[in-house]
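Heads up, data.cif below (mmCIF, C-alpha atoms):
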```cif
data_work
loop_
_atom_site.group_PDB
_atom_site.id
_atom_site.type_symbol
_atom_site.label_atom_id
_atom_site.label_comp_id
_atom_site.auth_asym_id
_atom_site.auth_seq_id
_atom_site.Cartn_x
_atom_site.Cartn_y
_atom_site.Cartn_z
ATOM 1 C CA MET A 1 153.487 119.326 64.598
ATOM 2 C CA GLY A 2 153.901 122.915 63.394
ATOM 3 C CA ASP A 3 151.673 125.106 61.326
ATOM 4 C CA ASP A 4 151.231 124.137 57.680
ATOM 5 C CA ASP A 5 152.921 127.369 56.573
ATOM 6 C CA GLN A 6 156.106 126.189 58.231
ATOM 7 C CA THR A 7 156.080 122.447 57.661
ATOM 8 C CA PRO A 8 159.054 120.897 55.856
ATOM 9 C CA THR A 9 158.287 120.340 52.186
ATOM 10 C CA ALA A 10 161.317 118.205 51.432
ATOM 11 C CA PRO A 11 164.071 116.273 53.230
ATOM 12 C CA LEU A 12 166.552 118.679 54.802
ATOM 13 C CA GLN A 13 169.988 118.965 53.212
ATOM 14 C CA LYS A 14 172.897 119.491 55.588
ATOM 15 C CA THR A 15 176.066 118.534 53.721
ATOM 16 C CA ALA A 16 179.029 120.877 54.008
ATOM 17 C CA ALA A 17 178.823 121.782 50.332
ATOM 18 C CA GLU A 18 175.161 122.621 50.522
ATOM 19 C CA ALA A 19 175.574 124.628 53.707
ATOM 20 C CA LYS A 20 177.924 126.972 51.834
ATOM 21 C CA GLN A 21 175.496 127.542 48.999
ATOM 22 C CA PRO A 22 174.570 131.241 48.633
ATOM 23 C CA PRO A 23 170.972 132.229 49.370
ATOM 24 C CA LEU A 24 170.241 133.065 45.727
ATOM 25 C CA ALA A 25 170.434 130.246 43.210
ATOM 26 C CA SER A 26 168.892 130.805 39.808
ATOM 27 C CA LYS A 27 169.022 128.849 36.606
ATOM 28 C CA HIS A 28 168.447 130.270 33.143
ATOM 29 C CA GLN A 29 167.582 127.841 30.385
ATOM 30 C CA LYS A 30 168.821 129.810 27.436
ATOM 31 C CA SER A 31 167.352 129.532 23.968
ATOM 32 C CA ASN A 32 169.535 128.515 21.065
ATOM 33 C CA GLY A 33 170.274 131.685 19.208
ATOM 34 C CA GLY A 34 171.596 129.877 16.119
ATOM 35 C CA GLY A 35 169.756 128.573 13.115
ATOM 36 C CA SER A 36 168.693 129.886 9.741
ATOM 37 C CA SER A 37 167.077 133.283 9.489
ATOM 38 C CA THR A 38 164.212 131.668 7.604
ATOM 39 C CA LYS A 39 163.117 129.745 10.701
ATOM 40 C CA PRO A 40 160.380 131.281 12.889
ATOM 41 C CA SER A 41 161.826 133.314 15.718
ATOM 42 C CA LYS A 42 161.701 131.746 19.147
ATOM 43 C CA LYS A 43 160.096 133.471 22.093
ATOM 44 C CA GLU A 44 161.588 133.058 25.537
ATOM 45 C CA VAL A 45 159.051 132.544 28.315
ATOM 46 C CA ARG A 46 160.541 133.630 31.623
ATOM 47 C CA ILE A 47 159.106 131.961 34.691
ATOM 48 C CA LEU A 48 159.934 132.385 38.375
ATOM 49 C CA MET A 49 160.018 129.031 40.201
ATOM 50 C CA LEU A 50 159.352 129.465 43.924
ATOM 51 C CA HIS A 51 160.267 126.664 46.314
ATOM 52 C CA GLY A 52 158.453 125.605 49.464
ATOM 53 C CA TYR A 53 159.279 126.093 53.134
ATOM 54 C CA THR A 54 162.653 124.500 54.129
ATOM 55 C CA GLN A 55 163.727 124.111 50.497
ATOM 56 C CA SER A 56 166.077 126.141 48.289
ATOM 57 C CA GLY A 57 166.097 127.149 44.647
ATOM 58 C CA ALA A 58 168.671 124.481 43.816
ATOM 59 C CA LEU A 59 166.755 121.750 45.630
ATOM 60 C CA PHE A 60 163.459 122.756 44.003
ATOM 61 C CA ARG A 61 165.079 122.623 40.591
ATOM 62 C CA ALA A 62 166.471 119.169 41.311
ATOM 63 C CA LYS A 63 162.991 117.964 42.270
ATOM 64 C CA THR A 64 161.342 119.494 39.192
ATOM 65 C CA ARG A 65 164.033 118.756 36.603
ATOM 66 C CA ALA A 66 161.784 116.269 34.802
ATOM 67 C CA LEU A 67 159.032 118.882 34.616
ATOM 68 C CA GLU A 68 161.522 121.404 33.252
ATOM 69 C CA LYS A 69 162.604 119.039 30.477
ATOM 70 C CA MET A 70 159.070 118.051 29.512
ATOM 71 C CA LEU A 71 157.988 121.673 29.482
ATOM 72 C CA ALA A 72 160.838 122.614 27.133
ATOM 73 C CA LYS A 73 160.107 119.682 24.826
ATOM 74 C CA ALA A 74 156.367 120.351 24.681
ATOM 75 C CA LEU A 75 156.751 124.070 24.006
ATOM 76 C CA ALA A 76 159.518 123.700 21.400
ATOM 77 C CA PRO A 77 157.142 123.023 18.455
ATOM 78 C CA LEU A 78 155.391 126.287 19.336
ATOM 79 C CA ASN A 79 158.722 128.164 19.187
ATOM 80 C CA LEU A 80 158.428 128.893 22.898
ATOM 81 C CA VAL A 81 161.547 128.437 25.024
ATOM 82 C CA PRO A 82 161.017 128.340 28.807
ATOM 83 C CA ALA A 83 163.637 130.110 30.889
ATOM 84 C CA LEU A 84 163.075 128.969 34.454
ATOM 85 C CA LEU A 85 164.527 131.050 37.289
ATOM 86 C CA TYR A 86 164.974 129.321 40.660
ATOM 87 C CA PRO A 87 165.645 131.916 43.375
ATOM 88 C CA THR A 88 166.123 130.954 47.002
ATOM 89 C CA GLY A 89 164.140 132.581 49.803
ATOM 90 C CA PRO A 90 166.223 135.024 51.864
ATOM 91 C CA ASN A 91 165.224 133.779 55.325
ATOM 92 C CA ARG A 92 167.506 131.005 56.525
ATOM 93 C CA LEU A 93 166.002 128.476 58.921
ATOM 94 C CA SER A 94 167.574 126.863 61.951
ATOM 95 C CA PRO A 95 166.651 123.520 63.549
ATOM 96 C CA ARG A 96 164.405 125.233 66.087
ATOM 97 C CA ASP A 97 162.293 126.504 63.149
ATOM 98 C CA ILE A 98 161.516 122.982 61.908
ATOM 99 C CA PRO A 99 158.710 121.092 63.690
ATOM 100 C CA GLY A 100 159.862 117.596 64.601
ATOM 101 C CA TYR A 101 163.466 118.175 63.569
ATOM 102 C CA GLU A 102 166.096 116.146 65.433
ATOM 103 C CA PRO A 103 169.667 117.514 65.485
ATOM 104 C CA SER A 104 172.571 115.344 64.469
ATOM 105 C CA ALA A 105 174.515 113.526 67.187
ATOM 106 C CA ALA A 106 177.505 115.827 66.708
ATOM 107 C CA ALA A 107 175.407 118.973 67.004
ATOM 108 C CA ALA A 108 173.617 117.634 70.070
ATOM 109 C CA ALA A 109 176.933 116.803 71.736
ATOM 110 C CA ASP A 110 178.315 120.288 71.029
ATOM 111 C CA GLY A 111 175.109 121.987 72.061
ATOM 112 C CA GLU A 112 175.045 123.853 68.729
ATOM 113 C CA ASP A 113 172.578 123.979 65.850
ATOM 114 C CA ASP A 114 173.177 122.156 62.611
ATOM 115 C CA VAL A 115 173.874 124.438 59.661
ATOM 116 C CA MET A 116 171.098 123.734 57.214
ATOM 117 C CA ASN A 117 170.434 124.615 53.601
ATOM 118 C CA ALA A 118 166.793 125.382 54.458
ATOM 119 C CA TRP A 119 165.104 128.643 53.535
ATOM 120 C CA ALA A 120 161.745 130.407 53.659
ATOM 121 C CA TRP A 121 160.021 133.287 51.867
ATOM 122 C CA PHE A 122 158.385 134.419 55.092
ATOM 123 C CA ARG A 123 157.829 133.248 58.663
ATOM 124 C CA LYS A 124 154.484 132.885 60.400
ATOM 125 C CA ASP A 125 154.218 134.334 63.874
ATOM 126 C CA ASN A 126 152.298 131.701 65.811
ATOM 127 C CA ALA A 127 151.091 134.196 68.395
ATOM 128 C CA SER A 128 149.643 136.850 66.065
ATOM 129 C CA GLY A 129 149.274 134.875 62.838
ATOM 130 C CA SER A 130 151.121 137.603 60.917
ATOM 131 C CA TYR A 131 153.683 136.855 58.213
ATOM 132 C CA ARG A 132 157.063 138.153 59.348
ATOM 133 C CA LEU A 133 159.853 138.934 56.865
ATOM 134 C CA LEU A 134 157.477 138.847 53.886
ATOM 135 C CA ASP A 135 158.995 142.100 52.678
ATOM 136 C CA ARG A 136 162.414 140.419 52.516
ATOM 137 C CA GLY A 137 160.981 137.609 50.417
ATOM 138 C CA MET A 138 159.347 140.036 48.004
ATOM 139 C CA ASP A 139 162.482 142.172 47.829
ATOM 140 C CA ARG A 140 164.403 139.059 46.815
ATOM 141 C CA LEU A 141 161.930 138.435 43.976
ATOM 142 C CA ALA A 142 162.181 142.070 42.892
ATOM 143 C CA ALA A 143 165.971 141.759 42.711
ATOM 144 C CA VAL A 144 165.755 138.547 40.679
ATOM 145 C CA MET A 145 163.285 140.099 38.230
ATOM 146 C CA ALA A 146 165.347 143.253 37.854
ATOM 147 C CA GLU A 147 168.491 141.236 37.171
ATOM 148 C CA ALA A 148 166.734 138.987 34.651
ATOM 149 C CA ASN A 149 165.192 141.956 32.835
ATOM 150 C CA ALA A 150 168.334 144.087 32.754
ATOM 151 C CA PRO A 151 169.896 144.522 29.309
ATOM 152 C CA PRO A 152 173.422 143.206 28.790
ATOM 153 C CA PRO A 153 176.132 145.777 29.535
ATOM 154 C CA ALA A 154 177.171 147.830 26.554
ATOM 155 C CA THR A 155 180.591 147.205 25.056
ATOM 156 C CA ALA A 156 183.196 149.680 26.264
ATOM 157 C CA GLY A 157 183.787 152.463 23.774
ATOM 158 C CA GLU A 158 180.350 152.142 22.136
ATOM 159 C CA PRO A 159 178.193 154.900 23.695
ATOM 160 C CA GLU A 160 175.581 154.627 20.937
ATOM 161 C CA VAL A 161 174.937 151.008 21.938
ATOM 162 C CA GLN A 162 174.666 151.987 25.585
ATOM 163 C CA GLN A 163 172.230 154.778 24.726
ATOM 164 C CA GLN A 164 170.095 152.388 22.689
ATOM 165 C CA GLN A 165 169.968 149.905 25.541
ATOM 166 C CA GLN A 166 168.934 152.630 27.979
ATOM 167 C CA GLN A 167 166.115 153.651 25.654
ATOM 168 C CA GLN A 168 164.974 150.056 25.396
ATOM 169 C CA GLN A 169 165.015 149.689 29.158
ATOM 170 C CA GLN A 170 162.787 152.771 29.518
ATOM 171 C CA GLN A 171 160.271 151.213 27.133
ATOM 172 C CA ARG A 172 159.851 147.992 29.088
ATOM 173 C CA GLY A 173 156.454 149.042 30.361
ATOM 174 C CA GLU A 174 155.163 149.625 26.805
ATOM 175 C CA GLU A 175 154.187 147.080 24.177
ATOM 176 C CA SER A 176 157.428 145.542 22.984
ATOM 177 C CA ASP A 177 159.337 142.305 22.834
ATOM 178 C CA GLU A 178 161.652 143.392 25.607
ATOM 179 C CA PRO A 179 162.388 140.619 28.124
ATOM 180 C CA VAL A 180 160.097 140.581 31.136
ATOM 181 C CA ILE A 181 159.049 137.949 33.622
ATOM 182 C CA ASP A 182 156.005 136.264 32.081
ATOM 183 C CA GLY A 183 154.765 134.158 34.971
ATOM 184 C CA VAL A 184 155.377 132.441 38.263
ATOM 185 C CA VAL A 185 155.125 128.850 39.495
ATOM 186 C CA GLY A 186 155.136 128.192 43.217
ATOM 187 C CA PHE A 187 154.919 125.199 45.537
ATOM 188 C CA SER A 188 153.395 125.267 49.034
ATOM 189 C CA GLN A 189 154.650 128.449 50.721
ATOM 190 C CA GLY A 190 156.049 129.390 47.321
ATOM 191 C CA GLY A 191 152.559 128.897 45.891
ATOM 192 C CA SER A 192 151.143 131.373 48.385
ATOM 193 C CA MET A 193 153.929 133.794 47.419
ATOM 194 C CA ALA A 194 153.160 133.292 43.723
ATOM 195 C CA ALA A 195 149.540 134.324 44.177
ATOM 196 C CA MET A 196 150.439 137.334 46.315
ATOM 197 C CA LEU A 197 153.085 138.459 43.813
ATOM 198 C CA ALA A 198 150.676 138.169 40.890
ATOM 199 C CA ALA A 199 148.026 140.167 42.745
ATOM 200 C CA ALA A 200 150.459 142.911 43.753
ATOM 201 C CA MET A 201 151.651 143.335 40.155
ATOM 202 C CA GLU A 202 148.208 143.664 38.581
ATOM 203 C CA THR A 203 147.447 146.875 36.676
ATOM 204 C CA GLU A 204 144.460 148.983 35.699
ATOM 205 C CA THR A 205 144.426 147.347 32.255
ATOM 206 C CA MET A 206 143.218 144.132 33.893
ATOM 207 C CA GLY A 207 139.799 145.592 34.616
ATOM 208 C CA GLN A 208 140.530 147.041 38.024
ATOM 209 C CA GLY A 209 142.565 149.807 39.549
ATOM 210 C CA LEU A 210 145.949 149.298 41.083
ATOM 211 C CA ARG A 211 145.591 147.582 44.439
ATOM 212 C CA PRO A 212 146.438 150.190 47.090
ATOM 213 C CA PRO A 213 148.759 148.505 49.598
ATOM 214 C CA PRO A 214 148.872 149.606 53.215
ATOM 215 C CA PRO A 215 151.931 151.717 54.132
ATOM 216 C CA GLU A 216 153.859 148.782 55.617
ATOM 217 C CA HIS A 217 153.799 146.980 52.262
ATOM 218 C CA ALA A 218 154.200 149.949 49.913
ATOM 219 C CA ALA A 219 157.981 149.625 49.521
ATOM 220 C CA TRP A 220 158.107 146.022 48.311
ATOM 221 C CA VAL A 221 155.022 146.481 46.116
ATOM 222 C CA SER A 222 156.723 149.382 44.370
ATOM 223 C CA ALA A 223 159.905 147.304 44.005
ATOM 224 C CA VAL A 224 158.272 144.288 42.326
ATOM 225 C CA ARG A 225 156.222 146.469 39.985
ATOM 226 C CA ARG A 226 159.242 148.527 39.008
ATOM 227 C CA ALA A 227 161.391 145.416 38.496
ATOM 228 C CA ASN A 228 159.086 144.173 35.727
ATOM 229 C CA GLY A 229 158.693 147.528 34.031
ATOM 230 C CA GLY A 230 155.230 148.052 35.439
ATOM 231 C CA ARG A 231 153.906 145.053 33.554
ATOM 232 C CA PRO A 232 151.771 142.420 35.312
ATOM 233 C CA LEU A 233 152.425 138.705 35.199
ATOM 234 C CA LYS A 234 150.623 136.781 32.484
ATOM 235 C CA PHE A 235 149.971 133.772 34.701
ATOM 236 C CA ALA A 236 150.485 132.164 38.097
ATOM 237 C CA VAL A 237 150.619 128.412 38.759
ATOM 238 C CA VAL A 238 150.081 127.232 42.329
ATOM 239 C CA TYR A 239 150.986 123.740 43.571
ATOM 240 C CA SER A 240 149.631 122.924 47.040
ATOM 241 C CA GLY A 241 149.378 126.621 47.801
ATOM 242 C CA PHE A 242 147.155 128.416 50.266
ATOM 243 C CA TYR A 243 145.372 131.666 51.034
ATOM 244 C CA ALA A 244 147.236 134.121 53.282
ATOM 245 C CA PRO A 245 144.787 135.102 56.056
ATOM 246 C CA PRO A 246 146.645 137.945 57.872
ATOM 247 C CA GLU A 247 144.502 141.075 57.985
ATOM 248 C CA ASP A 248 147.249 143.283 56.529
ATOM 249 C CA LEU A 249 147.313 141.114 53.382
ATOM 250 C CA ARG A 250 143.573 141.166 52.702
ATOM 251 C CA TRP A 251 144.032 143.936 50.113
ATOM 252 C CA LEU A 252 145.660 141.349 47.825
ATOM 253 C CA TYR A 253 142.408 139.370 47.576
ATOM 254 C CA GLU A 254 139.601 141.826 48.344
ATOM 255 C CA PRO A 255 137.440 143.515 47.276
ATOM 256 C CA ALA A 256 138.578 142.479 43.791
ATOM 257 C CA LYS A 257 139.644 138.888 43.216
ATOM 258 C CA ILE A 258 143.045 138.066 41.713
ATOM 259 C CA ALA A 259 142.572 138.755 37.998
ATOM 260 C CA THR A 260 145.831 137.191 36.799
ATOM 261 C CA PRO A 261 145.051 133.815 35.153
ATOM 262 C CA THR A 262 145.769 131.075 37.688
ATOM 263 C CA LEU A 263 146.152 127.298 37.551
ATOM 264 C CA HIS A 264 145.931 125.393 40.827
ATOM 265 C CA PHE A 265 147.179 121.850 41.447
ATOM 266 C CA ILE A 266 145.752 120.214 44.559
ATOM 267 C CA GLY A 267 146.778 116.791 45.884
ATOM 268 C CA SER A 268 143.801 114.764 47.077
ATOM 269 C CA LEU A 269 146.073 113.100 49.651
ATOM 270 C CA ASP A 270 147.856 116.256 50.794
ATOM 271 C CA THR A 271 148.154 116.135 54.586
ATOM 272 C CA VAL A 272 150.430 119.179 54.902
ATOM 273 C CA VAL A 273 148.226 121.900 53.411
ATOM 274 C CA ASP A 274 144.578 121.181 54.095
ATOM 275 C CA GLU A 275 142.359 121.274 51.010
ATOM 276 C CA SER A 276 140.193 123.978 52.590
ATOM 277 C CA ARG A 277 143.181 126.344 52.686
ATOM 278 C CA SER A 278 143.974 125.697 49.024
ATOM 279 C CA GLN A 279 140.310 126.138 48.141
ATOM 280 C CA ALA A 280 140.258 129.446 50.013
ATOM 281 C CA LEU A 281 142.896 130.716 47.567
ATOM 282 C CA VAL A 282 141.031 129.285 44.574
ATOM 283 C CA ASP A 283 137.883 131.102 45.704
ATOM 284 C CA ARG A 284 139.759 134.410 45.683
ATOM 285 C CA CYS A 285 140.898 134.066 42.072
ATOM 286 C CA GLN A 286 138.914 135.146 39.036
ATOM 287 C CA ASP A 287 138.077 132.219 36.730
ATOM 288 C CA PRO A 288 140.677 129.848 38.218
ATOM 289 C CA LEU A 289 141.556 126.513 36.664
ATOM 290 C CA VAL A 290 141.889 123.648 39.126
ATOM 291 C CA VAL A 291 143.548 120.256 38.651
ATOM 292 C CA VAL A 292 143.237 117.621 41.387
ATOM 293 C CA HIS A 293 145.861 114.869 41.305
ATOM 294 C CA PRO A 294 145.737 111.639 43.336
ATOM 295 C CA GLY A 295 148.863 112.424 45.341
ATOM 296 C CA GLY A 296 150.154 114.268 48.352
ATOM 297 C CA HIS A 297 152.217 117.355 49.072
ATOM 298 C CA TYR A 298 154.486 117.519 46.037
ATOM 299 C CA VAL A 299 154.707 118.725 42.442
ATOM 300 C CA PRO A 300 153.510 115.917 40.126
ATOM 301 C CA ILE A 301 155.979 115.582 37.256
ATOM 302 C CA SER A 302 154.529 112.765 35.153
ATOM 303 C CA LYS A 303 153.398 113.662 31.624
ATOM 304 C CA GLU A 304 149.733 113.338 32.574
ATOM 305 C CA TRP A 305 150.050 116.253 34.984
ATOM 306 C CA VAL A 306 152.575 118.354 33.052
ATOM 307 C CA MET A 307 150.425 118.658 29.934
ATOM 308 C CA PRO A 308 147.742 120.783 31.636
ATOM 309 C CA LEU A 309 150.559 123.112 32.669
ATOM 310 C CA VAL A 310 151.856 123.263 29.085
ATOM 311 C CA GLY A 311 148.442 124.093 27.669
ATOM 312 C CA PHE A 312 147.824 126.747 30.296
ATOM 313 C CA ILE A 313 151.168 128.497 29.753
ATOM 314 C CA ARG A 314 150.675 128.423 25.980
ATOM 315 C CA LYS A 315 147.262 130.069 26.192
ATOM 316 C CA CYS A 316 148.472 132.702 28.631
ATOM 317 C CA VAL A 317 151.526 133.612 26.566
ATOM 318 C CA GLU A 318 149.470 133.744 23.385
ATOM 319 C CA GLY A 319 146.824 135.841 25.118
ATOM 320 C CA LYS A 320 144.005 133.308 24.720
ATOM 321 C CA VAL A 321 142.795 133.320 28.331
#
```

File written out as structure tokens:
Amino acid sequence: MGDDDQTPTAPLQKTAAEAKQPPLASKHQKSNGGGSSTKPSKKEVRILMLHGYTQSGALFRAKTRALEKMLAKALAPLNLVPALLYPTGPNRLSPRDIPGYEPSAAAAADGEDDVMNAWAWFRKDNASGSYRLLDRGMDRLAAVMAEANAPPPATAGEPEVQQQQQQQQQQRGEESDEPVIDGVVGFSQGGSMAAMLAAAMETETMGQGLRPPPPEHAAWVSAVRRANGGRPLKFAVVYSGFYAPPEDLRWLYEPAKIATPTLHFIGSLDTVVDESRSQALVDRCQDPLVVVHPGGHYVPISKEWVMPLVGFIRKCVEGKV
């Protein structure tokens, strides 16, 4: 059995169609721009959805589709429209990366690895305990945020429109209604990433100075901050997540705790991520909210467990936390 950081979080998908899927898969749930001008304007809430180890953005969306629908329905009366983005981690996994994986008969006969649609945000080095390729995972998130926040291209032959859009883009870090990523939701390894991303993007306006990253992390920290116009996330939701113990990542949790509002879902029957590891992350967050559900290592999608998420997102977006 492998380390919890690198334990499969869902059945592996190996069909030919899935194997050809590109590493980045995102889904925008667009708001309906129509309607009478007398109706209250709708606010889009942009949320990064980060999958677990061995999953993909498309697979995570398929597993949380019910949550996505309930979230949209519950927020509609508040004129909030969730736009969920499902990126895929950049680090492709092979069978040898999966503890307990058994290759197909055809692959075993050929002496070759199966081609799998299994991805990771980072890889744990079992010898040193360090997180390899974390910078690639964060760079992927920076690219997704930058693409989501970019203004639409100006129409050819309309320089005044292009100039206006450039001015708007420069103002993204100021108070405005310009699109930014509002929050992040992560599961398992994605939950650990969500907390680290939120911490790295915190600003001096949150009651503490900018966290000074060590030189080896400076590039990706600059990239994620720049991608969201220098604005921090309003919230982070962690399902079955865990604290990242490598020494070079301690700056994300100490000496100041994570100030971004966080909501943690912990399964009382989770045998993949030990409760002590999830609690270690909770302990490093400022005023965390914790929900314990009577299940295992998965995202609970029944109404009973989605409503706390709805209430939390509403308060964070409205600035009531």

So which residues get picked by the PyMOL selection byres ((chain A and resi 190) around 12) here, written as a PyMOL selection string? chain A and resi 5-6+9+48-57+60+86-89+119-122+134+137-138+141+184-189+191-197+236-244+299

Export C-alpha atoms of the chosen residues as a PDB file, keeping the file's coordinate frame?
```pdb
ATOM      1  CA  ASP A   5     152.921 127.369  56.573  1.00  0.00           C
ATOM      2  CA  GLN A   6     156.106 126.189  58.231  1.00  0.00           C
ATOM      3  CA  THR A   9     158.287 120.340  52.186  1.00  0.00           C
ATOM      4  CA  LEU A  48     159.934 132.385  38.375  1.00  0.00           C
ATOM      5  CA  MET A  49     160.018 129.031  40.201  1.00  0.00           C
ATOM      6  CA  LEU A  50     159.352 129.465  43.924  1.00  0.00           C
ATOM      7  CA  HIS A  51     160.267 126.664  46.314  1.00  0.00           C
ATOM      8  CA  GLY A  52     158.453 125.605  49.464  1.00  0.00           C
ATOM      9  CA  TYR A  53     159.279 126.093  53.134  1.00  0.00           C
ATOM     10  CA  THR A  54     162.653 124.500  54.129  1.00  0.00           C
ATOM     11  CA  GLN A  55     163.727 124.111  50.497  1.00  0.00           C
ATOM     12  CA  SER A  56     166.077 126.141  48.289  1.00  0.00           C
ATOM     13  CA  GLY A  57     166.097 127.149  44.647  1.00  0.00           C
ATOM     14  CA  PHE A  60     163.459 122.756  44.003  1.00  0.00           C
ATOM     15  CA  TYR A  86     164.974 129.321  40.660  1.00  0.00           C
ATOM     16  CA  PRO A  87     165.645 131.916  43.375  1.00  0.00           C
ATOM     17  CA  THR A  88     166.123 130.954  47.002  1.00  0.00           C
ATOM     18  CA  GLY A  89     164.140 132.581  49.803  1.00  0.00           C
ATOM     19  CA  TRP A 119     165.104 128.643  53.535  1.00  0.00           C
ATOM     20  CA  ALA A 120     161.745 130.407  53.659  1.00  0.00           C
ATOM     21  CA  TRP A 121     160.021 133.287  51.867  1.00  0.00           C
ATOM     22  CA  PHE A 122     158.385 134.419  55.092  1.00  0.00           C
ATOM     23  CA  LEU A 134     157.477 138.847  53.886  1.00  0.00           C
ATOM     24  CA  GLY A 137     160.981 137.609  50.417  1.00  0.00           C
ATOM     25  CA  MET A 138     159.347 140.036  48.004  1.00  0.00           C
ATOM     26  CA  LEU A 141     161.930 138.435  43.976  1.00  0.00           C
ATOM     27  CA  VAL A 184     155.377 132.441  38.263  1.00  0.00           C
ATOM     28  CA  VAL A 185     155.125 128.850  39.495  1.00  0.00           C
ATOM     29  CA  GLY A 186     155.136 128.192  43.217  1.00  0.00           C
ATOM     30  CA  PHE A 187     154.919 125.199  45.537  1.00  0.00           C
ATOM     31  CA  SER A 188     153.395 125.267  49.034  1.00  0.00           C
ATOM     32  CA  GLN A 189     154.650 128.449  50.721  1.00  0.00           C
ATOM     33  CA  GLY A 191     152.559 128.897  45.891  1.00  0.00           C
ATOM     34  CA  SER A 192     151.143 131.373  48.385  1.00  0.00           C
ATOM     35  CA  MET A 193     153.929 133.794  47.419  1.00  0.00           C
ATOM     36  CA  ALA A 194     153.160 133.292  43.723  1.00  0.00           C
ATOM     37  CA  ALA A 195     149.540 134.324  44.177  1.00  0.00           C
ATOM     38  CA  MET A 196     150.439 137.334  46.315  1.00  0.00           C
ATOM     39  CA  LEU A 197     153.085 138.459  43.813  1.00  0.00           C
ATOM     40  CA  ALA A 236     150.485 132.164  38.097  1.00  0.00           C
ATOM     41  CA  VAL A 237     150.619 128.412  38.759  1.00  0.00           C
ATOM     42  CA  VAL A 238     150.081 127.232  42.329  1.00  0.00           C
ATOM     43  CA  TYR A 239     150.986 123.740  43.571  1.00  0.00           C
ATOM     44  CA  SER A 240     149.631 122.924  47.040  1.00  0.00           C
ATOM     45  CA  GLY A 241     149.378 126.621  47.801  1.00  0.00           C
ATOM     46  CA  PHE A 242     147.155 128.416  50.266  1.00  0.00           C
ATOM     47  CA  TYR A 243     145.372 131.666  51.034  1.00  0.00           C
ATOM     48  CA  ALA A 244     147.236 134.121  53.282  1.00  0.00           C
ATOM     49  CA  VAL A 299     154.707 118.725  42.442  1.00  0.00           C
TER      50      VAL A 299
END
```

Who sits within 12 Å of Pro246 in chain A, only C-alpha atoms, same chain under 3 positions skipped, as a PyMOL selection string: chain A and resi 124-126+128-132+134+243+249-253

Selection as a PyMOL selection string: residues within 12 Å of (151.7, 140.9, 35.9), counting all atoms listed in the file: chain A and resi 47+145+173+180-184+194-206+210+224-236+258-262+316-317

Report the residues retrieved by the PyMOL selection byres ((chain A and resi 300) around 9) from the displayed file, expressed as an MDAnalysis selection string. chainID A and resid 64 67 239 265 267 293 295 298:299 301:306

Mind writing the picked residues with C-alpha atoms as a PDB file, in the frame of the given file?
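Okay, this is what ended up in part-v8.pdb:
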```pdb
ATOM      1  CA  THR A  64     161.342 119.494  39.192  1.00  0.00           C
ATOM      2  CA  LEU A  67     159.032 118.882  34.616  1.00  0.00           C
ATOM      3  CA  TYR A 239     150.986 123.740  43.571  1.00  0.00           C
ATOM      4  CA  PHE A 265     147.179 121.850  41.447  1.00  0.00           C
ATOM      5  CA  GLY A 267     146.778 116.791  45.884  1.00  0.00           C
ATOM      6  CA  HIS A 293     145.861 114.869  41.305  1.00  0.00           C
ATOM      7  CA  GLY A 295     148.863 112.424  45.341  1.00  0.00           C
ATOM      8  CA  TYR A 298     154.486 117.519  46.037  1.00  0.00           C
ATOM      9  CA  VAL A 299     154.707 118.725  42.442  1.00  0.00           C
ATOM     10  CA  ILE A 301     155.979 115.582  37.256  1.00  0.00           C
ATOM     11  CA  SER A 302     154.529 112.765  35.153  1.00  0.00           C
ATOM     12  CA  LYS A 303     153.398 113.662  31.624  1.00  0.00           C
ATOM     13  CA  GLU A 304     149.733 113.338  32.574  1.00  0.00           C
ATOM     14  CA  TRP A 305     150.050 116.253  34.984  1.00  0.00           C
ATOM     15  CA  VAL A 306     152.575 118.354  33.052  1.00  0.00           C
TER      16      VAL A 306
END
```

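The space between CA of Leu71 in chain A and CA of Gln279 in chain A spans 26.1 Å.
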
So for range 258-268 of chain A, what box centre and size do we get, axis-aligned, 5 Å extra on each of the six sides, every listed atom, Å to one decimal, as AutoDock Vina command-line options?
```
--center_x 144.9 --center_y 126.8 --center_z 41.1 --size_x 14.6 --size_y 34.0 --size_z 21.9
```

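Distance-wise, CA of Leu309 in chain A and CA of His264 in chain A end up 9.7 Å apart.
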
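Straight-line separation from CA of Arg123 in chain A to CA of Leu93 in chain A: 9.5 Å.
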
Within 7 Å of Val81 in chain A using all atoms listed in the file, minus same-chain residues under 5 positions, as a ChimeraX atom specification: /A:31,42-45,72,75-76

Residues in the PyMOL selection byres ((chain A and resi 214) around 9), expressed as an mmCIF file with C-alpha atoms, in the coordinates of the input:
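out.cif, freshly written:
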```cif
data_model
loop_
_atom_site.group_PDB
_atom_site.id
_atom_site.type_symbol
_atom_site.label_atom_id
_atom_site.label_comp_id
_atom_site.auth_asym_id
_atom_site.auth_seq_id
_atom_site.Cartn_x
_atom_site.Cartn_y
_atom_site.Cartn_z
ATOM 1 C CA PRO A 212 146.438 150.190 47.090
ATOM 2 C CA PRO A 213 148.759 148.505 49.598
ATOM 3 C CA PRO A 215 151.931 151.717 54.132
ATOM 4 C CA GLU A 216 153.859 148.782 55.617
ATOM 5 C CA HIS A 217 153.799 146.980 52.262
ATOM 6 C CA ALA A 218 154.200 149.949 49.913
ATOM 7 C CA ASP A 248 147.249 143.283 56.529
ATOM 8 C CA LEU A 249 147.313 141.114 53.382
ATOM 9 C CA TRP A 251 144.032 143.936 50.113
#
```

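Minimum distance to Pro40 in chain A across A:Leu80, A:Val291, A:Leu281, A:Leu85 (counting all atoms listed in the file) occurs at A:Leu80.
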
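Comparing A:Glu68, A:Ala256, A:Leu84, A:Ala223 by their smallest distance to Ala143 in chain A, the closest is A:Ala223 (using all atoms listed in the file).
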